[in-house]
>>> print(open('start-v2.cif').read())   # mmCIF, C-alpha atoms
data_input
#
loop_
_atom_site.group_PDB
_atom_site.id
_atom_site.type_symbol
_atom_site.label_atom_id
_atom_site.label_comp_id
_atom_site.auth_asym_id
_atom_site.auth_seq_id
_atom_site.Cartn_x
_atom_site.Cartn_y
_atom_site.Cartn_z
ATOM 1 C CA MET O 1 -13.096 5.348 21.625
ATOM 2 C CA GLN O 2 -11.029 8.431 20.850
ATOM 3 C CA ARG O 3 -10.682 9.609 17.230
ATOM 4 C CA LEU O 4 -7.682 11.555 15.960
ATOM 5 C CA ASP O 5 -8.099 13.565 12.753
ATOM 6 C CA CYS O 6 -4.708 13.737 11.010
ATOM 7 C CA ARG O 7 -6.004 14.657 7.569
ATOM 8 C CA ASN O 8 -4.026 17.254 5.613
ATOM 9 C CA LEU O 9 -1.207 17.326 8.162
ATOM 10 C CA GLU O 10 2.443 17.470 7.109
ATOM 11 C CA CYS O 11 4.716 14.711 8.378
ATOM 12 C CA PRO O 12 5.894 14.051 11.011
ATOM 13 C CA GLU O 13 2.876 15.725 12.687
ATOM 14 C CA PRO O 14 0.531 12.686 12.281
ATOM 15 C CA VAL O 15 3.069 10.448 14.058
ATOM 16 C CA ILE O 16 3.630 13.018 16.818
ATOM 17 C CA ARG O 17 -0.126 13.324 17.434
ATOM 18 C CA THR O 18 -0.576 9.543 17.338
ATOM 19 C CA LYS O 19 2.222 9.066 19.874
ATOM 20 C CA ASN O 20 0.820 11.762 22.203
ATOM 21 C CA ALA O 21 -2.713 10.357 22.011
ATOM 22 C CA LEU O 22 -1.523 6.801 22.747
ATOM 23 C CA ASN O 23 0.531 8.019 25.715
ATOM 24 C CA GLU O 24 -2.697 9.355 27.267
ATOM 25 C CA LEU O 25 -4.507 6.021 26.923
ATOM 26 C CA LYS O 26 -4.487 3.051 29.282
ATOM 27 C CA ASP O 27 -3.734 -0.466 28.093
ATOM 28 C CA ALA O 28 -6.448 -1.955 25.833
ATOM 29 C CA GLN O 29 -8.088 1.440 25.261
ATOM 30 C CA LYS O 30 -8.783 2.136 21.609
ATOM 31 C CA LEU O 31 -7.772 4.973 19.290
ATOM 32 C CA GLU O 32 -8.937 5.721 15.751
ATOM 33 C CA ILE O 33 -6.675 7.737 13.452
ATOM 34 C CA LEU O 34 -7.916 9.245 10.191
ATOM 35 C CA VAL O 35 -5.511 10.192 7.367
ATOM 36 C CA ASN O 36 -6.043 11.092 3.724
ATOM 37 C CA SER O 37 -2.677 10.630 2.033
ATOM 38 C CA GLN O 38 -0.162 7.858 1.500
ATOM 39 C CA ALA O 39 2.886 9.203 3.363
ATOM 40 C CA PRO O 40 1.139 9.614 6.761
ATOM 41 C CA ARG O 41 -0.503 6.210 6.257
ATOM 42 C CA GLU O 42 2.895 4.574 5.817
ATOM 43 C CA ASN O 43 4.573 6.536 8.603
ATOM 44 C CA ILE O 44 1.841 5.771 11.139
ATOM 45 C CA SER O 45 1.951 2.073 10.152
ATOM 46 C CA ARG O 46 5.728 2.047 10.583
ATOM 47 C CA PHE O 47 5.486 3.855 13.923
ATOM 48 C CA LEU O 48 2.792 1.512 15.295
ATOM 49 C CA ASN O 49 4.756 -1.560 14.170
ATOM 50 C CA SER O 50 7.912 -0.196 15.826
ATOM 51 C CA GLN O 51 5.937 0.191 19.074
ATOM 52 C CA ASN O 52 4.389 -3.317 18.860
ATOM 53 C CA GLN O 53 0.880 -1.874 18.858
ATOM 54 C CA ASN O 54 -2.098 -3.931 17.670
ATOM 55 C CA PHE O 55 -3.873 -2.143 14.828
ATOM 56 C CA THR O 56 -5.999 -2.609 11.747
ATOM 57 C CA ILE O 57 -6.183 -0.436 8.630
ATOM 58 C CA LYS O 58 -9.453 0.262 6.853
ATOM 59 C CA ASP O 59 -9.505 1.909 3.403
ATOM 60 C CA LEU O 60 -12.504 4.210 3.149
ATOM 61 C CA PRO O 61 -14.251 4.860 -0.202
ATOM 62 C CA ASN O 62 -13.251 8.550 -0.272
ATOM 63 C CA GLY O 63 -9.516 7.822 -0.387
ATOM 64 C CA GLU O 64 -9.108 8.192 3.364
ATOM 65 C CA THR O 65 -7.607 5.594 5.692
ATOM 66 C CA LEU O 66 -8.814 4.736 9.182
ATOM 67 C CA PHE O 67 -6.472 3.128 11.706
ATOM 68 C CA GLU O 68 -7.976 1.319 14.689
ATOM 69 C CA VAL O 69 -5.398 0.866 17.439
ATOM 70 C CA SER O 70 -5.673 -1.003 20.723
ATOM 71 C CA LYS O 71 -2.997 0.329 23.065
ATOM 72 C CA SER O 72 -0.552 -2.265 24.304
ATOM 73 C CA GLY O 73 2.226 -1.448 26.756
ATOM 74 C CA VAL O 74 4.400 1.638 27.252
ATOM 75 C CA LEU O 75 5.627 3.458 24.159
ATOM 76 C CA ALA O 76 9.362 3.758 23.597
ATOM 77 C CA GLU O 77 11.014 7.066 22.728
ATOM 78 C CA VAL O 78 11.300 7.708 18.977
ATOM 79 C CA ASN O 79 13.040 10.222 16.773
ATOM 80 C CA THR O 80 10.227 11.888 14.859
ATOM 81 C CA ASP O 81 12.718 12.999 12.179
ATOM 82 C CA ASP O 82 12.520 9.385 10.991
ATOM 83 C CA PHE O 83 8.899 10.037 9.978
ATOM 84 C CA VAL O 84 9.331 13.059 7.708
ATOM 85 C CA CYS O 85 7.332 12.666 4.488
ATOM 86 C CA ASN O 86 9.147 11.855 1.312
ATOM 87 C CA THR O 87 6.308 11.565 -1.159
ATOM 88 C CA LEU O 88 8.486 12.350 -4.191
ATOM 89 C CA SER O 89 10.145 8.946 -4.007
ATOM 90 C CA LYS O 90 6.886 7.014 -4.176
ATOM 91 C CA LYS O 91 6.560 4.738 -7.180
ATOM 92 C CA VAL O 92 4.068 2.513 -8.940
ATOM 93 C CA ILE O 93 4.939 -0.435 -11.159
ATOM 94 C CA PHE O 94 3.084 -0.315 -14.479
ATOM 95 C CA LEU O 95 2.898 -3.585 -16.421
ATOM 96 C CA ASN O 96 1.214 -4.067 -19.791
ATOM 97 C CA GLU O 97 2.751 -7.462 -20.567
ATOM 98 C CA ASP O 98 2.914 -10.749 -18.641
ATOM 99 C CA ARG O 99 6.713 -10.774 -19.064
ATOM 100 C CA THR O 100 9.633 -8.378 -19.241
ATOM 101 C CA GLY O 101 11.467 -8.548 -22.526
ATOM 102 C CA SER O 102 10.641 -11.328 -24.934
ATOM 103 C CA GLY O 103 10.208 -15.075 -24.833
ATOM 104 C CA GLU O 104 9.974 -17.485 -21.928
ATOM 105 C CA VAL O 105 13.031 -15.948 -20.255
ATOM 106 C CA GLY O 106 10.956 -12.767 -19.841
ATOM 107 C CA VAL O 107 8.276 -14.631 -17.830
ATOM 108 C CA GLY O 108 10.747 -15.799 -15.192
ATOM 109 C CA LEU O 109 12.616 -12.494 -15.264
ATOM 110 C CA LEU O 110 9.477 -10.520 -14.450
ATOM 111 C CA ALA O 111 8.770 -12.802 -11.471
ATOM 112 C CA LYS O 112 12.338 -12.216 -10.222
ATOM 113 C CA PHE O 113 12.051 -8.434 -10.559
ATOM 114 C CA LEU O 114 8.715 -8.365 -8.706
ATOM 115 C CA GLY O 115 10.184 -10.635 -6.036
ATOM 116 C CA ALA O 116 13.139 -8.263 -5.646
ATOM 117 C CA PHE O 117 10.723 -5.452 -4.707
ATOM 118 C CA LEU O 118 9.874 -7.488 -1.592
ATOM 119 C CA GLN O 119 13.418 -6.800 -0.369
ATOM 120 C CA VAL O 120 13.684 -3.048 -1.036
ATOM 121 C CA GLU O 121 12.889 -0.623 1.759
ATOM 122 C CA ASN O 122 10.863 1.806 -0.368
ATOM 123 C CA LYS O 123 8.052 -0.465 -1.546
ATOM 124 C CA PRO O 124 5.942 0.671 -4.503
ATOM 125 C CA TYR O 125 2.493 2.047 -3.730
ATOM 126 C CA ALA O 126 0.856 -0.218 -6.307
ATOM 127 C CA VAL O 127 1.341 -2.648 -9.177
ATOM 128 C CA LEU O 128 -0.911 -1.674 -12.100
ATOM 129 C CA LEU O 129 -1.781 -4.491 -14.516
ATOM 130 C CA VAL O 130 -3.202 -3.707 -17.956
ATOM 131 C CA ASN O 131 -3.521 -5.549 -21.271
ATOM 132 C CA ASN O 132 -2.304 -9.171 -20.966
ATOM 133 C CA ALA O 133 -0.456 -8.368 -17.713
ATOM 134 C CA VAL O 134 -3.791 -9.128 -16.008
ATOM 135 C CA ARG O 135 -2.864 -12.794 -16.508
ATOM 136 C CA LEU O 136 -0.383 -12.305 -13.648
ATOM 137 C CA SER O 137 -3.206 -11.725 -11.152
ATOM 138 C CA THR O 138 -5.458 -14.511 -12.467
ATOM 139 C CA ASP O 139 -3.194 -17.481 -13.164
ATOM 140 C CA ARG O 140 -1.766 -19.151 -10.051
ATOM 141 C CA ALA O 141 0.651 -21.092 -12.287
ATOM 142 C CA GLN O 142 2.260 -17.819 -13.403
ATOM 143 C CA PRO O 143 5.704 -17.450 -11.748
ATOM 144 C CA ALA O 144 4.886 -13.825 -10.808
ATOM 145 C CA PHE O 145 1.603 -14.690 -9.042
ATOM 146 C CA LYS O 146 3.291 -15.501 -5.710
ATOM 147 C CA ALA O 147 5.368 -12.310 -5.819
ATOM 148 C CA LEU O 148 2.180 -10.276 -6.303
ATOM 149 C CA LYS O 149 0.531 -12.087 -3.365
ATOM 150 C CA ASP O 150 3.559 -11.370 -1.163
ATOM 151 C CA LEU O 151 3.647 -7.698 -2.206
ATOM 152 C CA GLU O 152 -0.069 -7.386 -1.413
ATOM 153 C CA ALA O 153 0.550 -8.870 2.049
ATOM 154 C CA LEU O 154 3.055 -6.041 2.628
ATOM 155 C CA GLY O 155 0.457 -3.399 1.775
ATOM 156 C CA VAL O 156 1.187 -2.879 -1.938
ATOM 157 C CA LYS O 157 -2.024 -2.458 -3.942
ATOM 158 C CA ILE O 158 -2.399 -4.899 -6.855
ATOM 159 C CA LEU O 159 -4.817 -3.391 -9.372
ATOM 160 C CA SER O 160 -5.974 -5.140 -12.555
ATOM 161 C CA CYS O 161 -7.716 -3.304 -15.403
ATOM 162 C CA GLY O 162 -11.385 -4.365 -15.430
ATOM 163 C CA SER O 163 -11.813 -3.868 -19.194
ATOM 164 C CA CYS O 164 -8.744 -6.036 -19.795
ATOM 165 C CA LEU O 165 -10.047 -8.780 -17.495
ATOM 166 C CA GLU O 166 -13.346 -8.696 -19.409
ATOM 167 C CA ALA O 167 -11.609 -8.782 -22.801
ATOM 168 C CA TYR O 168 -9.584 -11.860 -21.799
ATOM 169 C CA LYS O 169 -12.640 -13.413 -20.032
ATOM 170 C CA LEU O 170 -10.741 -13.520 -16.717
ATOM 171 C CA VAL O 171 -13.013 -11.506 -14.399
ATOM 172 C CA ASP O 172 -14.000 -14.575 -12.379
ATOM 173 C CA LYS O 173 -10.378 -15.772 -12.163
ATOM 174 C CA LEU O 174 -8.948 -12.774 -10.276
ATOM 175 C CA GLY O 175 -6.847 -14.320 -7.512
ATOM 176 C CA VAL O 176 -4.866 -11.392 -6.107
ATOM 177 C CA GLY O 177 -5.657 -7.711 -5.707
ATOM 178 C CA GLU O 178 -8.664 -5.815 -6.993
ATOM 179 C CA MET O 179 -10.288 -4.900 -10.274
ATOM 180 C CA THR O 180 -9.912 -1.246 -11.251
ATOM 181 C CA ASN O 181 -10.727 1.095 -14.137
ATOM 182 C CA ALA O 182 -8.979 3.506 -16.493
ATOM 183 C CA PHE O 183 -9.825 6.546 -14.354
ATOM 184 C CA GLU O 184 -8.273 5.102 -11.185
ATOM 185 C CA ILE O 185 -5.168 3.984 -13.088
ATOM 186 C CA ALA O 186 -4.816 7.437 -14.680
ATOM 187 C CA ASP O 187 -5.330 9.105 -11.292
ATOM 188 C CA ILE O 188 -2.618 6.963 -9.687
ATOM 189 C CA LEU O 189 -0.206 7.541 -12.589
ATOM 190 C CA SER O 190 -0.744 11.302 -12.219
ATOM 191 C CA LYS O 191 0.342 11.161 -8.560
ATOM 192 C CA TYR O 192 3.231 8.670 -8.540
ATOM 193 C CA ASP O 193 6.426 8.070 -10.481
ATOM 194 C CA GLU O 194 6.108 5.105 -12.820
ATOM 195 C CA ILE O 195 8.401 2.081 -13.062
ATOM 196 C CA LYS O 196 8.092 -0.040 -16.222
ATOM 197 C CA LEU O 197 9.655 -3.504 -16.250
#
>>> encode(input="start-v2.cif", output="structure tokens")
Amino acid sequence: MQRLDCRNLECPEPVIRTKNALNELKDAQKLEILVNSQAPRENISRFLNSQNQNFTIKDLPNGETLFEVSKSGVLAEVNTDDFVCNTLSKKVIFLNEDRTGSGEVGVGLLAKFLGAFLQVENKPYAVLLVNNAVRLSTDRAQPAFKALKDLEALGVKILSCGSCLEAYKLVDKLGVGEMTNAFEIADILSKYDEIKL
């Protein structure tokens, strides 16, 4: 299996190298691609999907991402300008309540807003849940629970504050996403623009 190291490369270079490496492989041969930032991860995913390639994504503990690709068919020509990095537009949704606004209307409204993010092209990197917003990831009866599940299926990270889950005695009820901590939330907020609903 061939491994391609695309760490610390500016876009669209990771896509160009991935395309060139796949062109050298025969059908069913495998390629591993290593990246260490979000923009190349997204661009390579988009490129591989556009080429109907079979691949899996593995998140490594050091913040790196490993793609495992099994070549399938002949690659079509692509315009690599479509894969230029635009990291400044990347967002995270930060929620510290289980509703937006007040009252019961706010519960349904939050679910609608989260559902609307399924339709936008520039998906958020993550949804960060703190305080009683962790109820959204633990209560399947919550209107927003399905939207979070659907966002996760599209690659959006759903991260619930571990201290908050413990305070509300919900650790064992986590039904979508992962438990996180204050450091990881602070680190993400320092790298991405924040959307509050």
>>> residues_near_point(input="start-v2.cif", point="(-5.8, -1.5, 8.3)", cutoff="10 Å", atoms="all atoms listed in the file", output="number ranges by chain")
O: 41, 45, 55-59, 65-69, 155
>>> atom_distance(input="start-v2.cif", atom1="CA of Ser50 in chain O", atom2="CA of Glu64 in chain O")
22.7 Å
>>> atom_distance(input="start-v2.cif", atom1="CA of Leu22 in chain O", atom2="CA of Leu154 in chain O")
24.3 Å
>>> resolve_selection(input="start-v2.cif", expression="the PyMOL selection byres ((chain O and resi 167-180) around 12)", output="count of residues only")
47
>>> residues_near_point(input="start-v2.cif", point="(12.0, 7.7, 19.8)", cutoff="12 Å", atoms="all atoms listed in the file", output="list in words")
Val15, Ile16, Lys19, Phe47, Leu48, Ser50, Gln51, Leu75, Ala76, Glu77, Val78, Asn79, Thr80, Asp81, Asp82 and Phe83 of chain O
>>> atom_distance(input="start-v2.cif", atom1="CA of Pro40 in chain O", atom2="CA of Lys191 in chain O")
15.4 Å
>>> closest_residue(input="start-v2.cif", among="O:Asn52, O:Asn23, O:Gln38, O:Gln119", to="Glu10 in chain O", atoms="all atoms listed in the file")
O:Gln38
>>> closest_residue(input="start-v2.cif", among="O:Lys30, O:Arg46, O:Lys112, O:Lys123", to="Gln2 in chain O", atoms="all atoms listed in the file")
O:Lys30
>>> closest_residue(input="start-v2.cif", among="O:Thr18, O:Pro61, O:Lys26, O:Val35", to="Cys6 in chain O", atoms="all atoms listed in the file")
O:Val35
>>> closest_residue(input="start-v2.cif", among="O:Leu60, O:Glu13, O:Leu197, O:Gln29", to="Ala111 in chain O", atoms="all atoms listed in the file")
O:Leu197
>>> closest_residue(input="start-v2.cif", among="O:Ser70, O:Leu109, O:Gly103, O:Gly63", to="Glu32 in chain O", atoms="all atoms listed in the file")
O:Ser70
>>> axis_aligned_box(input="start-v2.cif", around="range 5-20 of chain O", padding_each_side="5 Å", output="lines of an AutoDock Vina configuration file")
center_x = -1.1
center_y = 13.3
center_z = 13.9
size_x = 24.0
size_y = 18.4
size_z = 26.6
>>> closest_residue(input="start-v2.cif", among="O:Val92, O:Leu25, O:Asp5, O:Asp98", to="Gly73 in chain O", atoms="only C-alpha atoms")
O:Leu25
>>> decode(input="start-v2.cif", residues="range 9-52 of chain O", atoms="C-alpha atoms", output="JSON list (two decimals), in the first residue's frame")
[["chain", "number", "residue", "atom", "x", "y", "z"],
["O", 9, "LEU", "CA", 0.72, 21.46, 2.21],
["O", 10, "GLU", "CA", -1.25, 24.43, 0.87],
["O", 11, "CYS", "CA", -4.37, 23.67, -1.14],
["O", 12, "PRO", "CA", -4.86, 22.59, -3.86],
["O", 13, "GLU", "CA", -1.55, 20.67, -3.61],
["O", 14, "PRO", "CA", -3.00, 17.76, -1.53],
["O", 15, "VAL", "CA", -5.70, 17.17, -4.17],
["O", 16, "ILE", "CA", -3.17, 17.39, -7.02],
["O", 17, "ARG", "CA", -0.89, 14.84, -5.32],
["O", 18, "THR", "CA", -3.83, 12.56, -4.51],
["O", 19, "LYS", "CA", -5.01, 12.66, -8.13],
["O", 20, "ASN", "CA", -1.50, 11.95, -9.49],
["O", 21, "ALA", "CA", -0.94, 9.06, -7.07],
["O", 22, "LEU", "CA", -4.31, 7.48, -7.92],
["O", 23, "ASN", "CA", -3.61, 7.80, -11.65],
["O", 24, "GLU", "CA", -0.50, 5.62, -11.14],
["O", 25, "LEU", "CA", -2.45, 2.86, -9.39],
["O", 26, "LYS", "CA", -4.35, -0.05, -10.91],
["O", 27, "ASP", "CA", -7.94, -0.82, -9.98],
["O", 28, "ALA", "CA", -8.37, -2.09, -6.39],
["O", 29, "GLN", "CA", -4.87, -0.97, -5.38],
["O", 30, "LYS", "CA", -4.83, 0.99, -2.14],
["O", 31, "LEU", "CA", -3.55, 4.45, -1.24],
["O", 32, "GLU", "CA", -3.20, 6.08, 2.17],
["O", 33, "ILE", "CA", -3.22, 9.88, 2.42],
["O", 34, "LEU", "CA", -2.14, 11.71, 5.56],
["O", 35, "VAL", "CA", -3.25, 15.31, 6.27],
["O", 36, "ASN", "CA", -3.12, 17.48, 9.38],
["O", 37, "SER", "CA", -5.60, 20.29, 8.79],
["O", 38, "GLN", "CA", -9.29, 20.67, 8.07],
["O", 39, "ALA", "CA", -9.25, 22.29, 4.61],
["O", 40, "PRO", "CA", -7.20, 19.53, 2.89],
["O", 41, "ARG", "CA", -9.33, 16.93, 4.68],
["O", 42, "GLU", "CA", -12.50, 18.43, 3.22],
["O", 43, "ASN", "CA", -11.03, 19.01, -0.23],
["O", 44, "ILE", "CA", -9.68, 15.47, -0.54],
["O", 45, "SER", "CA", -13.05, 14.08, 0.64],
["O", 46, "ARG", "CA", -14.86, 16.21, -1.94],
["O", 47, "PHE", "CA", -12.42, 15.19, -4.68],
["O", 48, "LEU", "CA", -12.68, 11.46, -3.89],
["O", 49, "ASN", "CA", -16.49, 11.65, -3.78],
["O", 50, "SER", "CA", -16.54, 13.47, -7.13],
["O", 51, "GLN", "CA", -14.43, 10.63, -8.60],
["O", 52, "ASN", "CA", -16.63, 7.87, -7.08]]
